[in-house]
$ cat upload06.txt   # compact mmCIF, C-alpha atoms and all ligand atoms
# COMPACT_ATOMS: atom_id res chain seq x y z
CA MET A 1 7.29 -7.83 -6.67
CA ALA A 2 8.19 -10.41 -4.02
CA ASP A 3 11.76 -9.22 -4.29
CA SER A 4 10.85 -5.59 -3.73
CA ARG A 5 8.74 -6.55 -0.73
CA TYR A 6 11.75 -8.37 0.75
CA ARG A 7 13.98 -5.34 0.07
CA TRP A 8 11.51 -3.16 1.90
CA ALA A 9 11.34 -5.62 4.80
CA LEU A 10 15.13 -5.76 4.99
CA GLU A 11 15.21 -1.97 5.37
CA ARG A 12 12.50 -1.96 8.02
CA TYR A 13 14.32 -4.58 10.09
CA ARG A 14 17.65 -2.90 9.59
CA ALA A 15 16.27 0.38 10.86
CA LEU A 16 15.42 -1.34 14.15
CA GLY A 17 18.75 -3.14 14.40
CA ALA A 18 18.04 -6.59 12.88
CA ASP A 19 19.91 -8.10 9.93
CA THR A 20 17.60 -10.18 7.71
CA GLU A 21 20.41 -11.62 5.58
CA ARG A 22 22.25 -12.86 8.65
CA ALA A 23 19.01 -14.29 10.01
CA LEU A 24 18.33 -16.25 6.81
CA ALA A 25 21.86 -17.65 6.75
CA CYS A 26 21.65 -18.79 10.40
CA LEU A 27 18.21 -20.29 9.90
CA SER A 28 19.12 -22.44 6.92
CA ALA A 29 22.24 -23.75 8.70
CA LYS A 30 20.57 -24.84 11.95
CA PRO A 31 19.29 -28.43 11.88
CA VAL A 32 15.97 -29.46 13.37
CA SER A 33 15.55 -33.09 14.35
CA ILE A 34 12.21 -34.32 13.04
CA HIS A 35 10.65 -37.17 14.98
CA CYS A 36 9.72 -40.16 12.84
CA TRP A 37 6.89 -41.10 15.21
CA GLN A 38 4.39 -38.48 13.98
CA GLY A 39 3.92 -40.66 10.89
CA ASP A 40 2.51 -43.75 12.59
CA ASP A 41 1.21 -42.75 16.04
CA VAL A 42 4.37 -44.00 17.81
CA THR A 43 3.67 -47.57 16.68
CA GLY A 44 6.99 -48.74 15.25
CA PHE A 45 7.77 -51.86 13.26
CA GLU A 46 7.72 -54.59 15.90
CA GLY A 47 4.17 -55.53 15.06
CA GLU A 48 3.00 -56.44 18.55
CA GLY A 49 0.12 -54.05 18.85
CA GLY A 50 2.49 -51.21 19.65
CA GLY A 51 1.20 -47.67 19.85
CA ALA A 52 2.06 -45.15 22.47
CA GLY A 53 1.85 -46.32 26.06
CA GLY A 54 3.14 -45.42 29.49
CA GLY A 55 1.47 -42.11 29.94
CA ILE A 56 1.74 -40.96 26.35
CA GLN A 57 -1.21 -41.19 24.05
CA THR A 58 -2.07 -40.51 20.43
CA THR A 59 -5.69 -39.58 19.89
CA GLY A 60 -7.66 -39.55 16.66
CA ASN A 61 -8.22 -42.01 13.83
CA TYR A 62 -7.47 -40.04 10.69
CA PRO A 63 -6.92 -42.49 7.84
CA GLY A 64 -3.50 -43.14 6.33
CA ARG A 65 -1.17 -44.11 9.16
CA ALA A 66 2.17 -45.38 7.81
CA ARG A 67 2.20 -49.15 8.39
CA ASN A 68 5.76 -50.05 7.55
CA PHE A 69 9.25 -48.74 6.78
CA ASP A 70 8.53 -47.93 3.13
CA GLU A 71 5.37 -46.01 3.91
CA LEU A 72 7.00 -44.12 6.76
CA LYS A 73 9.95 -43.17 4.57
CA ALA A 74 7.64 -42.00 1.77
CA ASP A 75 5.55 -39.90 4.16
CA PHE A 76 8.62 -38.46 5.84
CA LEU A 77 10.03 -37.41 2.46
CA LYS A 78 6.73 -35.90 1.43
CA ALA A 79 6.60 -33.94 4.67
CA THR A 80 10.20 -32.76 4.58
CA SER A 81 9.85 -31.64 0.96
CA HIS A 82 7.66 -28.83 2.32
CA ILE A 83 9.80 -27.97 5.35
CA PRO A 84 12.66 -25.55 4.70
CA GLY A 85 16.01 -25.81 6.45
CA LYS A 86 18.38 -28.56 7.56
CA LYS A 87 16.80 -31.72 8.89
CA ARG A 88 17.65 -34.74 11.00
CA VAL A 89 15.52 -37.88 11.45
CA ASN A 90 14.78 -38.67 15.08
CA LEU A 91 14.31 -42.41 15.51
CA HIS A 92 13.06 -44.63 18.29
CA ALA A 93 14.37 -48.15 18.87
CA CYS A 94 10.93 -49.55 17.98
CA TYR A 95 11.63 -48.44 14.40
CA ALA A 96 14.33 -51.09 13.99
CA VAL A 97 14.09 -52.58 10.49
CA PHE A 98 14.05 -56.37 10.47
CA THR A 99 15.27 -58.06 7.29
CA ALA A 100 16.89 -61.33 6.26
CA ASN A 101 20.28 -59.77 6.97
CA ALA A 102 19.12 -58.22 10.22
CA PRO A 103 16.79 -60.77 11.80
CA ARG A 104 14.17 -59.85 14.36
CA ALA A 105 15.61 -59.24 17.82
CA ASP A 106 14.10 -58.13 21.11
CA ARG A 107 14.94 -54.65 22.29
CA ASP A 108 17.79 -55.73 24.54
CA ARG A 109 19.48 -57.42 21.57
CA LEU A 110 19.22 -54.73 18.93
CA GLU A 111 22.28 -54.04 16.81
CA TYR A 112 23.50 -51.55 14.27
CA CYS A 113 22.34 -53.74 11.37
CA HIS A 114 18.73 -53.08 12.39
CA PHE A 115 19.23 -49.38 11.75
CA ALA A 116 21.55 -49.57 8.73
CA PRO A 117 18.58 -49.04 6.35
CA TRP A 118 17.81 -45.77 8.12
CA VAL A 119 21.40 -44.66 7.65
CA THR A 120 21.15 -45.41 3.92
CA PHE A 121 17.93 -43.40 3.79
CA ALA A 122 19.34 -40.48 5.76
CA GLN A 123 22.51 -40.32 3.71
CA ALA A 124 20.60 -40.40 0.44
CA HIS A 125 18.66 -37.31 1.49
CA GLY A 126 21.20 -35.38 3.51
CA PHE A 127 19.53 -35.90 6.89
CA GLY A 128 21.32 -36.41 10.19
CA ILE A 129 20.04 -39.06 12.63
CA ASP A 130 19.19 -39.15 16.34
CA LEU A 131 18.15 -42.23 18.29
CA ASN A 132 16.09 -42.97 21.39
CA PRO A 133 15.71 -46.19 23.35
CA THR A 134 12.03 -47.19 23.49
CA CYS A 135 11.26 -47.89 27.14
CA PHE A 136 7.49 -48.17 26.71
CA SER A 137 4.86 -50.19 24.82
CA HIS A 138 6.51 -53.51 25.55
CA ARG A 139 5.72 -56.57 27.65
CA MET A 140 8.79 -55.97 29.82
CA VAL A 141 7.32 -52.75 31.19
CA ARG A 142 6.17 -54.28 34.49
CA HIS A 143 3.73 -52.40 36.72
CA GLY A 144 4.53 -49.35 34.60
CA LEU A 145 8.23 -49.51 35.48
CA THR A 146 11.44 -49.98 33.51
CA LEU A 147 14.82 -48.73 34.77
CA SER A 148 13.46 -48.05 38.25
CA SER A 149 11.72 -51.39 38.67
CA PRO A 150 12.34 -53.32 41.89
CA ASP A 151 12.35 -56.47 39.77
CA GLU A 152 15.93 -57.32 38.86
CA GLN A 153 15.05 -59.03 35.59
CA THR A 154 12.95 -56.11 34.38
CA ARG A 155 15.62 -53.59 35.24
CA ARG A 156 18.28 -55.73 33.55
CA PHE A 157 16.24 -55.89 30.32
CA TRP A 158 15.90 -52.12 30.10
CA ILE A 159 19.50 -51.44 31.09
CA ASP A 160 20.60 -53.81 28.31
CA HIS A 161 18.21 -52.11 25.91
CA CYS A 162 19.65 -48.66 26.63
CA LYS A 163 23.21 -49.96 26.41
CA ALA A 164 22.38 -51.49 23.01
CA THR A 165 20.82 -48.31 21.62
CA ARG A 166 23.72 -46.18 22.87
CA ARG A 167 26.12 -48.40 20.97
CA ILE A 168 23.95 -48.26 17.88
CA ALA A 169 23.83 -44.46 18.17
CA ASN A 170 27.61 -44.44 18.30
CA ASP A 171 27.86 -46.71 15.24
CA ILE A 172 25.43 -44.47 13.36
CA GLY A 173 27.58 -41.49 14.33
CA GLU A 174 30.70 -43.25 13.08
CA ARG A 175 29.09 -44.02 9.73
CA MET A 176 27.75 -40.53 9.32
CA GLY A 177 30.77 -38.72 10.73
CA GLU A 178 28.81 -36.73 13.30
CA SER A 179 27.36 -36.85 16.79
CA VAL A 180 24.06 -38.57 17.50
CA LEU A 181 21.73 -37.54 20.31
CA HIS A 182 20.70 -40.51 22.45
CA ASN A 183 17.88 -39.44 24.74
CA ILE A 184 16.44 -41.57 27.52
CA TRP A 185 12.84 -41.06 28.54
CA ILE A 186 11.13 -43.64 30.74
CA PRO A 187 7.47 -43.72 31.76
CA ASP A 188 8.17 -44.96 35.30
CA GLY A 189 5.69 -43.69 37.81
CA LEU A 190 2.64 -44.43 39.90
CA LYS A 191 -1.04 -43.83 39.46
CA ASP A 192 -1.62 -43.45 43.15
CA MET A 193 0.12 -42.19 46.26
CA PRO A 194 3.57 -43.76 46.56
CA SER A 195 4.66 -45.55 49.70
CA ASP A 196 8.27 -45.27 48.58
CA ARG A 197 9.47 -42.30 46.58
CA ILE A 198 13.20 -42.72 46.94
CA GLY A 199 13.58 -46.44 46.16
CA PRO A 200 12.74 -46.12 42.45
CA ARG A 201 15.03 -43.10 42.16
CA LEU A 202 17.98 -44.86 43.75
CA ARG A 203 17.49 -47.78 41.38
CA LEU A 204 17.15 -45.41 38.43
CA LYS A 205 20.36 -43.62 39.42
CA ALA A 206 22.29 -46.91 39.57
CA ALA A 207 20.79 -48.07 36.26
CA LEU A 208 21.80 -44.84 34.52
CA ASP A 209 25.33 -45.11 35.90
CA GLU A 210 25.58 -48.55 34.38
CA ILE A 211 24.15 -47.41 31.04
CA PHE A 212 26.51 -44.45 30.76
CA ALA A 213 29.61 -46.36 31.93
CA GLU A 214 30.79 -47.06 28.39
CA THR A 215 32.54 -44.12 26.74
CA LEU A 216 31.09 -43.63 23.26
CA PRO A 217 32.63 -40.64 21.46
CA ARG A 218 29.88 -40.08 18.89
CA VAL A 219 27.04 -40.09 21.41
CA ILE A 220 25.49 -37.04 23.06
CA ASP A 221 23.66 -38.42 26.10
CA SER A 222 20.54 -36.87 27.54
CA VAL A 223 17.78 -37.69 30.01
CA GLU A 224 14.23 -36.33 29.73
CA SER A 225 12.15 -35.60 32.80
CA LYS A 226 8.42 -35.40 33.15
CA VAL A 227 5.92 -34.23 35.70
CA PHE A 228 3.12 -36.76 35.18
CA GLY A 229 1.27 -38.77 32.54
CA ILE A 230 -2.10 -40.46 32.07
CA GLY A 231 -2.16 -43.42 34.46
CA VAL A 232 0.92 -42.14 36.28
CA GLU A 233 -0.55 -39.05 37.91
CA SER A 234 0.86 -39.31 41.41
CA TYR A 235 4.56 -39.91 41.03
CA THR A 236 7.26 -39.80 38.34
CA ALA A 237 10.64 -41.33 39.18
CA GLY A 238 12.49 -39.34 36.51
CA SER A 239 11.42 -35.91 37.70
CA ASN A 240 12.98 -32.58 36.77
CA GLU A 241 15.03 -32.26 39.96
CA PHE A 242 16.20 -35.84 39.78
CA TYR A 243 17.57 -35.53 36.26
CA ILE A 244 19.05 -32.07 36.64
CA ALA A 245 20.96 -33.24 39.69
CA TYR A 246 21.93 -36.44 37.91
CA ALA A 247 23.23 -34.68 34.81
CA ALA A 248 24.99 -31.95 36.76
CA SER A 249 26.82 -34.49 38.89
CA ARG A 250 27.92 -36.67 35.95
CA GLY A 251 29.91 -34.88 33.23
CA GLY A 252 28.71 -35.44 29.70
CA VAL A 253 25.06 -36.17 30.41
CA TYR A 254 22.59 -33.46 29.47
CA VAL A 255 19.01 -32.71 30.41
CA LEU A 256 16.56 -32.64 27.54
CA LEU A 257 13.76 -30.13 28.00
CA ASP A 258 10.34 -31.06 26.61
CA ASN A 259 8.00 -28.08 27.00
CA GLY A 260 5.03 -30.39 27.62
CA HIS A 261 6.65 -31.81 30.74
CA TYR A 262 6.28 -29.07 33.34
CA HIS A 263 3.62 -27.44 35.45
CA PRO A 264 1.58 -25.07 33.28
CA THR A 265 3.12 -21.92 34.75
CA GLU A 266 6.69 -23.11 34.18
CA TYR A 267 8.32 -22.22 30.89
CA VAL A 268 11.13 -23.92 29.01
CA SER A 269 12.03 -20.49 27.63
CA ASP A 270 13.07 -19.58 31.16
CA LYS A 271 14.80 -22.90 31.82
CA ILE A 272 17.18 -22.55 28.86
CA PRO A 273 19.04 -19.52 30.29
CA ALA A 274 18.91 -21.10 33.76
CA LEU A 275 20.76 -24.20 32.56
CA LEU A 276 23.16 -22.64 30.05
CA PRO A 277 25.57 -21.35 32.72
CA PHE A 278 26.09 -24.99 33.72
CA PHE A 279 25.62 -27.08 30.56
CA ASP A 280 27.26 -26.63 27.17
CA LYS A 281 24.41 -28.46 25.47
CA ILE A 282 20.64 -28.40 25.88
CA PRO A 283 18.58 -30.74 23.73
CA LEU A 284 14.94 -29.72 23.28
CA HIS A 285 11.70 -31.50 22.47
CA ILE A 286 9.51 -28.79 21.05
CA THR A 287 5.88 -29.71 21.44
CA ARG A 288 2.55 -28.11 22.34
CA GLY A 289 0.80 -29.25 25.46
CA VAL A 290 -2.85 -28.36 25.80
CA ARG A 291 -3.69 -28.56 29.52
CA TRP A 292 -1.41 -31.57 29.83
CA ASP A 293 1.42 -33.26 27.90
CA SER A 294 -0.95 -33.72 24.98
CA ASP A 295 1.68 -33.44 22.24
CA HIS A 296 -0.45 -31.31 19.93
CA VAL A 297 1.09 -30.15 16.66
CA VAL A 298 3.59 -27.33 17.17
CA LEU A 299 2.21 -23.97 16.03
CA TYR A 300 3.79 -20.58 15.57
CA ASP A 301 2.70 -19.40 19.01
CA ASP A 302 3.99 -17.26 21.87
CA GLU A 303 5.93 -19.92 23.79
CA LEU A 304 7.54 -21.28 20.65
CA ARG A 305 8.73 -17.77 19.78
CA GLU A 306 9.95 -17.25 23.33
CA ILE A 307 11.90 -20.54 23.38
CA MET A 308 13.57 -19.67 20.07
CA THR A 309 14.19 -16.14 21.28
CA GLU A 310 16.15 -17.45 24.27
CA VAL A 311 18.17 -19.76 22.03
CA VAL A 312 19.16 -16.79 19.87
CA ARG A 313 19.68 -14.15 22.51
CA CYS A 314 21.73 -16.47 24.69
CA ASP A 315 23.91 -17.00 21.63
CA ALA A 316 23.14 -20.70 22.06
CA LEU A 317 22.38 -21.77 18.48
CA ASP A 318 25.21 -24.29 18.69
CA ALA A 319 24.51 -25.38 22.25
CA VAL A 320 20.80 -26.05 21.83
CA LEU A 321 19.79 -29.13 19.84
CA LEU A 322 16.36 -28.54 18.36
CA GLY A 323 14.01 -31.50 18.13
CA LEU A 324 10.27 -31.87 17.62
CA ASP A 325 8.00 -34.16 19.63
CA PHE A 326 4.29 -34.33 18.87
CA PHE A 327 1.90 -36.95 17.58
CA ASP A 328 -1.55 -36.10 16.35
CA ALA A 329 -3.75 -38.70 14.67
CA SER A 330 -6.81 -36.45 14.35
CA VAL A 331 -5.52 -34.63 11.26
CA ASN A 332 -3.54 -35.63 8.20
CA ARG A 333 -0.30 -36.88 9.75
CA VAL A 334 1.92 -35.65 6.94
CA ALA A 335 0.37 -32.19 7.16
CA ALA A 336 0.87 -32.28 10.95
CA TRP A 337 4.58 -32.89 10.40
CA ILE A 338 4.77 -30.05 7.89
CA ILE A 339 2.91 -27.56 10.06
CA GLY A 340 5.03 -28.40 13.11
CA GLY A 341 8.28 -28.33 11.16
CA ARG A 342 7.49 -25.05 9.42
CA SER A 343 6.32 -23.51 12.69
CA ALA A 344 9.68 -24.32 14.28
CA GLN A 345 11.39 -22.60 11.35
CA LYS A 346 9.11 -19.58 11.64
CA GLY A 347 9.71 -19.35 15.36
CA LEU A 348 13.46 -19.43 14.89
CA LEU A 349 13.27 -16.86 12.11
CA TYR A 350 11.23 -14.56 14.33
CA ALA A 351 13.88 -14.87 17.04
CA LEU A 352 16.69 -14.20 14.58
CA LEU A 353 14.90 -11.05 13.39
CA THR A 354 14.58 -9.54 16.85
CA PRO A 355 16.98 -6.67 17.69
CA HIS A 356 18.32 -8.33 20.84
CA GLU A 357 21.27 -6.00 21.38
CA ARG A 358 19.06 -2.94 21.51
CA LEU A 359 16.49 -4.60 23.73
CA ARG A 360 19.16 -5.84 26.11
CA ALA A 361 20.74 -2.40 26.37
CA LEU A 362 17.36 -0.91 27.19
CA GLN A 363 16.88 -3.44 30.00
CA ASP A 364 20.38 -2.84 31.36
CA THR A 365 19.93 0.92 31.42
CA GLY A 366 16.56 0.70 33.09
CA ASN A 367 14.72 2.02 30.02
CA PHE A 368 11.80 -0.29 30.54
CA THR A 369 9.22 1.88 28.80
CA GLU A 370 11.24 2.17 25.60
CA LYS A 371 11.99 -1.57 25.77
CA MET A 372 8.27 -2.24 25.89
CA ALA A 373 7.60 0.08 22.94
CA LEU A 374 10.36 -1.44 20.78
CA ALA A 375 9.32 -5.00 21.62
CA GLU A 376 5.79 -4.14 20.50
CA GLU A 377 6.97 -2.63 17.24
CA VAL A 378 8.96 -5.76 16.41
CA LYS A 379 5.77 -7.81 16.54
CA THR A 380 4.24 -6.05 13.52
CA LEU A 381 7.31 -5.78 11.30
CA PRO A 382 6.88 -7.41 7.84
CA PHE A 383 7.87 -10.87 9.05
CA GLY A 384 5.85 -12.61 6.31
CA ASP A 385 7.93 -11.01 3.57
CA VAL A 386 11.14 -12.37 5.07
CA TRP A 387 9.55 -15.80 5.55
CA GLU A 388 8.47 -15.81 1.91
CA GLU A 389 11.97 -14.92 0.80
CA TYR A 390 13.40 -17.74 2.93
CA CYS A 391 10.97 -20.26 1.43
CA ARG A 392 11.82 -19.03 -2.07
CA ARG A 393 15.53 -19.57 -1.40
CA GLU A 394 14.85 -22.99 0.14
CA ASN A 395 12.66 -24.05 -2.76
CA VAL A 396 9.50 -24.70 -0.78
CA ALA A 397 6.09 -23.08 -1.05
CA ALA A 398 5.78 -20.01 1.15
CA SER A 399 2.01 -20.29 1.31
CA ASP A 400 0.59 -22.92 3.63
CA THR A 401 -2.50 -23.31 1.52
CA VAL A 402 -0.31 -24.02 -1.53
CA TRP A 403 1.66 -26.93 0.00
CA HIS A 404 -1.61 -28.19 1.44
CA GLU A 405 -2.93 -28.72 -2.10
CA ASP A 406 -0.06 -31.16 -2.65
CA ILE A 407 -0.88 -32.98 0.59
CA LYS A 408 -4.56 -33.21 -0.38
CA ARG A 409 -3.43 -34.95 -3.58
CA TYR A 410 -1.11 -37.22 -1.58
CA GLU A 411 -3.99 -38.13 0.68
CA GLU A 412 -6.22 -39.00 -2.28
CA GLU A 413 -3.59 -40.94 -4.17
CA ILE A 414 -1.60 -42.63 -1.41
CA LEU A 415 -2.95 -42.30 2.14
CA LYS A 416 -6.54 -43.29 1.36
CA GLY A 417 -5.33 -46.59 -0.10
CA ARG A 418 -4.06 -47.69 3.31
CA ALA A 419 -6.51 -49.83 5.21
C1 LIG A 501 7.06 -38.64 26.51
C2 LIG A 501 8.28 -37.95 26.02
C3 LIG A 501 9.04 -38.70 24.97
C4 LIG A 501 8.16 -39.29 23.90
C5 LIG A 501 8.88 -39.78 22.68
C6 LIG A 501 8.06 -40.72 21.89
O1 LIG A 501 6.30 -37.87 27.31
O2 LIG A 501 7.98 -36.68 25.58
O3 LIG A 501 10.00 -37.86 24.42
O4 LIG A 501 7.19 -38.39 23.48
O5 LIG A 501 10.11 -40.26 23.01
ZN ZN A 502 9.59 -35.61 24.63
$ encode --input "upload06.txt" --output "structure tokens" --more "lines below"
Ligand code: RNT
Ligand code: ZN
Amino acid sequence: MADSRYRWALERYRALGADTERALACLSAKPVSIHCWQGDDVTGFEGEGGGAGGGIQTTGNYPGRARNFDELKADFLKATSHIPGKKRVNLHACYAVFTANAPRADRDRLEYCHFAPWVTFAQAHGFGIDLNPTCFSHRMVRHGLTLSSPDEQTRRFWIDHCKATRRIANDIGERMGESVLHNIWIPDGLKDMPSDRIGPRLRLKAALDEIFAETLPRVIDSVESKVFGIGVESYTAGSNEFYIAYAASRGGVYVLLDNGHYHPTEYVSDKIPALLPFFDKIPLHITRGVRWDSDHVVLYDDELREIMTEVVRCDALDAVLLGLDFFDASVNRVAAWIIGGRSAQKGLLYALLTPHERLRALQDTGNFTEKMALAEEVKTLPFGDVWEEYCRRENVAASDTVWHEDIKRYEEEILKGRA
């Protein structure tokens, strides 16, 4: 029955110029980097209060937050067991694991040993790893500033932190035999009208030059801009223009696009093809901003489909590094991970099932009416049947209400026991 529905869907797509078998093969081969921080509200393992800070905020108090490495690993595995496709674990420096063999160290002194347990975990489950320095939620964030601070000691601490995490990323890459994305996002900005806009940027530029001075073959470097955050409404040192110019003028540094980080009428789907002529890599943070950079759970919505569509029709599946970035504490955190992860997969599948060649030809020949008609027809093709077939092949439940039963059990048996 399911099989005959897929056969029928395959024919329908083929008739319009899309190859479902090719789409399924591409989808299962493309990794998505899944952020570890959805599991514990961006708290980490340093045990100093933690939590998101510097313009980012987790809201909600749903029970069951992971409180340590073991709980976070268990929740991550539970979540990924319901997400089809290839996965990477995206880590932040504040998730360093302190043990007798890897004693507690401040962020400027972190070493590979603090992340070795994550490598063991990732290798045991076939995940890749990415790593971010954590330039927020720490006593050395002074007046909301890190790499752009006018205070020499503050700047030095954060430069040393980023240098340390880049080296760790390289070591992880060496162990795992692959590249590791090292993405720098800093919260630096001002709540109120600046009296100096260029000073922080000049200091940030010099700090980045120092951080990137060391050549590390396994590291893919990126910088992530932002427009504003809560408490930093008036000025952001690491703005879009600043980082694009920075990356373009320094070979080997890329700009990471987070779709929550722009003015509401700007779209990352349009930025991807604007940057691709100049950059051979574009890392993404896929998120869902509601009115601001709220980091709501990613859903299978229009902009997600449009972002994925650009990745596919620009033939940029290798160039674009897909990563998720959201943190919602108002719903079951494990379910949030699953819904966001599955949505990303659905969005990419939708893009892979779109007859881009035909649509492009219609645009190029000025056949705008037919383009509109075809694009509308694509929207109601039997997408669900192809999704179900993909889930069957990937050994995960196709139905969202079915995997949710498992998560309800997990909540009763495991999450509710956490204070
Ligand atoms: C903040 C950025 C950044 C963080 C994570 C935790 O606005 O999006 O990527 O969300 O690094
Ligand atoms: Zn982000």
$ axis_aligned_box --input "upload06.txt" --around "ligand LIG 501 (chain A)" --padding-each-side "6 Å" --output "AutoDock Vina command-line options"
--center_x 8.2 --center_y -38.7 --center_z 24.6 --size_x 15.8 --size_y 16.0 --size_z 17.4
$ atom_distance --input "upload06.txt" --atom1 "CA of Trp37 (chain A)" --atom2 "CA of Asn395 (chain A)"
25.4 Å
$ residues_around --input "upload06.txt" --residues "region 205-209 of chain A" --least-positions-apart "3" --cutoff "12 Å" --atoms "all atoms listed in the file" --output "ChimeraX atom specification"
/A:146-150,152,154-163,166,183-186,198-202,212-215,221-223,237-239,242-247,249-253
$ residues_around --input "upload06.txt" --residues "region 357-371 of chain A" --least-positions-apart "2" --cutoff "10 Å" --atoms "only C-alpha atoms" --output "PDB file with C-alpha atoms, in the frame of the given file"
ATOM      1  CA  LEU A  16      15.420  -1.340  14.150  1.00  0.00           C
ATOM      2  CA  GLY A  17      18.750  -3.140  14.400  1.00  0.00           C
ATOM      3  CA  ALA A  18      18.040  -6.590  12.880  1.00  0.00           C
ATOM      4  CA  ARG A 313      19.680 -14.150  22.510  1.00  0.00           C
ATOM      5  CA  THR A 354      14.580  -9.540  16.850  1.00  0.00           C
ATOM      6  CA  PRO A 355      16.980  -6.670  17.690  1.00  0.00           C
ATOM      7  CA  ALA A 373       7.600   0.080  22.940  1.00  0.00           C
ATOM      8  CA  LEU A 374      10.360  -1.440  20.780  1.00  0.00           C
ATOM      9  CA  ALA A 375       9.320  -5.000  21.620  1.00  0.00           C
ATOM     10  CA  GLU A 376       5.790  -4.140  20.500  1.00  0.00           C
ATOM     11  CA  GLU A 377       6.970  -2.630  17.240  1.00  0.00           C
TER      12      GLU A 377
END
$ atom_distance --input "upload06.txt" --atom1 "CA of Val97 (chain A)" --atom2 "CA of His114 (chain A)"
5.0 Å
$ atom_distance --input "upload06.txt" --atom1 "CA of Asp19 (chain A)" --atom2 "CA of Val386 (chain A)"
10.9 Å
$ residues_around --input "upload06.txt" --residues "Tyr390 (chain A)" --least-positions-apart "2" --cutoff "12 Å" --atoms "all atoms listed in the file" --output "number ranges by chain"
A: 2-3, 6, 20-28, 83-85, 342, 345-346, 349, 383-388, 392-399
$ closest_residue --input "upload06.txt" --among "A:Asp192, A:Tyr267, A:His356, A:Tyr350" --to "Thr380 (chain A)" --atoms "all atoms listed in the file"
A:Tyr350
$ closest_residue --input "upload06.txt" --among "A:Pro382, A:Gly39, A:Gly126, A:Pro31" --to "ligand LIG 501 (chain A)" --atoms "all atoms listed in the file"
A:Gly39
$ residues_around --input "upload06.txt" --residues "Thr236 (chain A)" --least-positions-apart "5" --cutoff "9 Å" --atoms "all atoms listed in the file" --output "list in words"
Pro187, Asp188, Gly189, Leu190, Arg197, Ser225, Lys226, Val227, Phe228 and Gly229 of chain A
$ decode --input "upload06.txt" --residues "region 298-308 of chain A" --atoms "N, CA, C and O atoms" --output "mmCIF file, in the first residue's frame"
data_model
loop_
_atom_site.group_PDB
_atom_site.id
_atom_site.type_symbol
_atom_site.label_atom_id
_atom_site.label_comp_id
_atom_site.auth_asym_id
_atom_site.auth_seq_id
_atom_site.Cartn_x
_atom_site.Cartn_y
_atom_site.Cartn_z
ATOM 1 N N VAL A 298 12.355 25.304 14.545
ATOM 2 C CA VAL A 298 12.227 25.338 13.082
ATOM 3 C C VAL A 298 11.033 24.491 12.650
ATOM 4 O O VAL A 298 10.854 23.365 13.114
ATOM 5 N N LEU A 299 10.197 25.071 11.808
ATOM 6 C CA LEU A 299 9.032 24.362 11.259
ATOM 7 C C LEU A 299 9.159 24.284 9.743
ATOM 8 O O LEU A 299 9.942 25.014 9.126
ATOM 9 N N TYR A 300 8.348 23.437 9.172
ATOM 10 C CA TYR A 300 8.344 23.249 7.716
ATOM 11 C C TYR A 300 7.540 24.407 7.100
ATOM 12 O O TYR A 300 6.381 24.257 6.742
ATOM 13 N N ASP A 301 8.173 25.577 7.051
ATOM 14 C CA ASP A 301 7.429 26.759 6.591
ATOM 15 C C ASP A 301 8.039 27.352 5.319
ATOM 16 O O ASP A 301 9.016 26.827 4.775
ATOM 17 N N ASP A 302 7.440 28.435 4.852
ATOM 18 C CA ASP A 302 7.818 28.998 3.553
ATOM 19 C C ASP A 302 9.299 29.354 3.458
ATOM 20 O O ASP A 302 9.966 29.013 2.493
ATOM 21 N N GLU A 303 9.830 30.076 4.460
ATOM 22 C CA GLU A 303 11.220 30.517 4.338
ATOM 23 C C GLU A 303 12.186 29.340 4.449
ATOM 24 O O GLU A 303 13.214 29.316 3.775
ATOM 25 N N LEU A 304 11.857 28.356 5.244
ATOM 26 C CA LEU A 304 12.705 27.168 5.288
ATOM 27 C C LEU A 304 12.753 26.523 3.900
ATOM 28 O O LEU A 304 13.830 26.186 3.386
ATOM 29 N N ARG A 305 11.594 26.360 3.290
ATOM 30 C CA ARG A 305 11.559 25.753 1.942
ATOM 31 C C ARG A 305 12.353 26.604 0.953
ATOM 32 O O ARG A 305 13.067 26.085 0.097
ATOM 33 N N GLU A 306 12.238 27.915 1.088
ATOM 34 C CA GLU A 306 12.915 28.803 0.135
ATOM 35 C C GLU A 306 14.441 28.761 0.327
ATOM 36 O O GLU A 306 15.193 28.792 -0.645
ATOM 37 N N ILE A 307 14.885 28.688 1.573
ATOM 38 C CA ILE A 307 16.329 28.565 1.837
ATOM 39 C C ILE A 307 16.845 27.268 1.206
ATOM 40 O O ILE A 307 17.840 27.262 0.468
ATOM 41 N N MET A 308 16.154 26.171 1.481
ATOM 42 C CA MET A 308 16.587 24.873 0.937
ATOM 43 C C MET A 308 16.514 24.869 -0.585
ATOM 44 O O MET A 308 17.359 24.282 -1.262
#
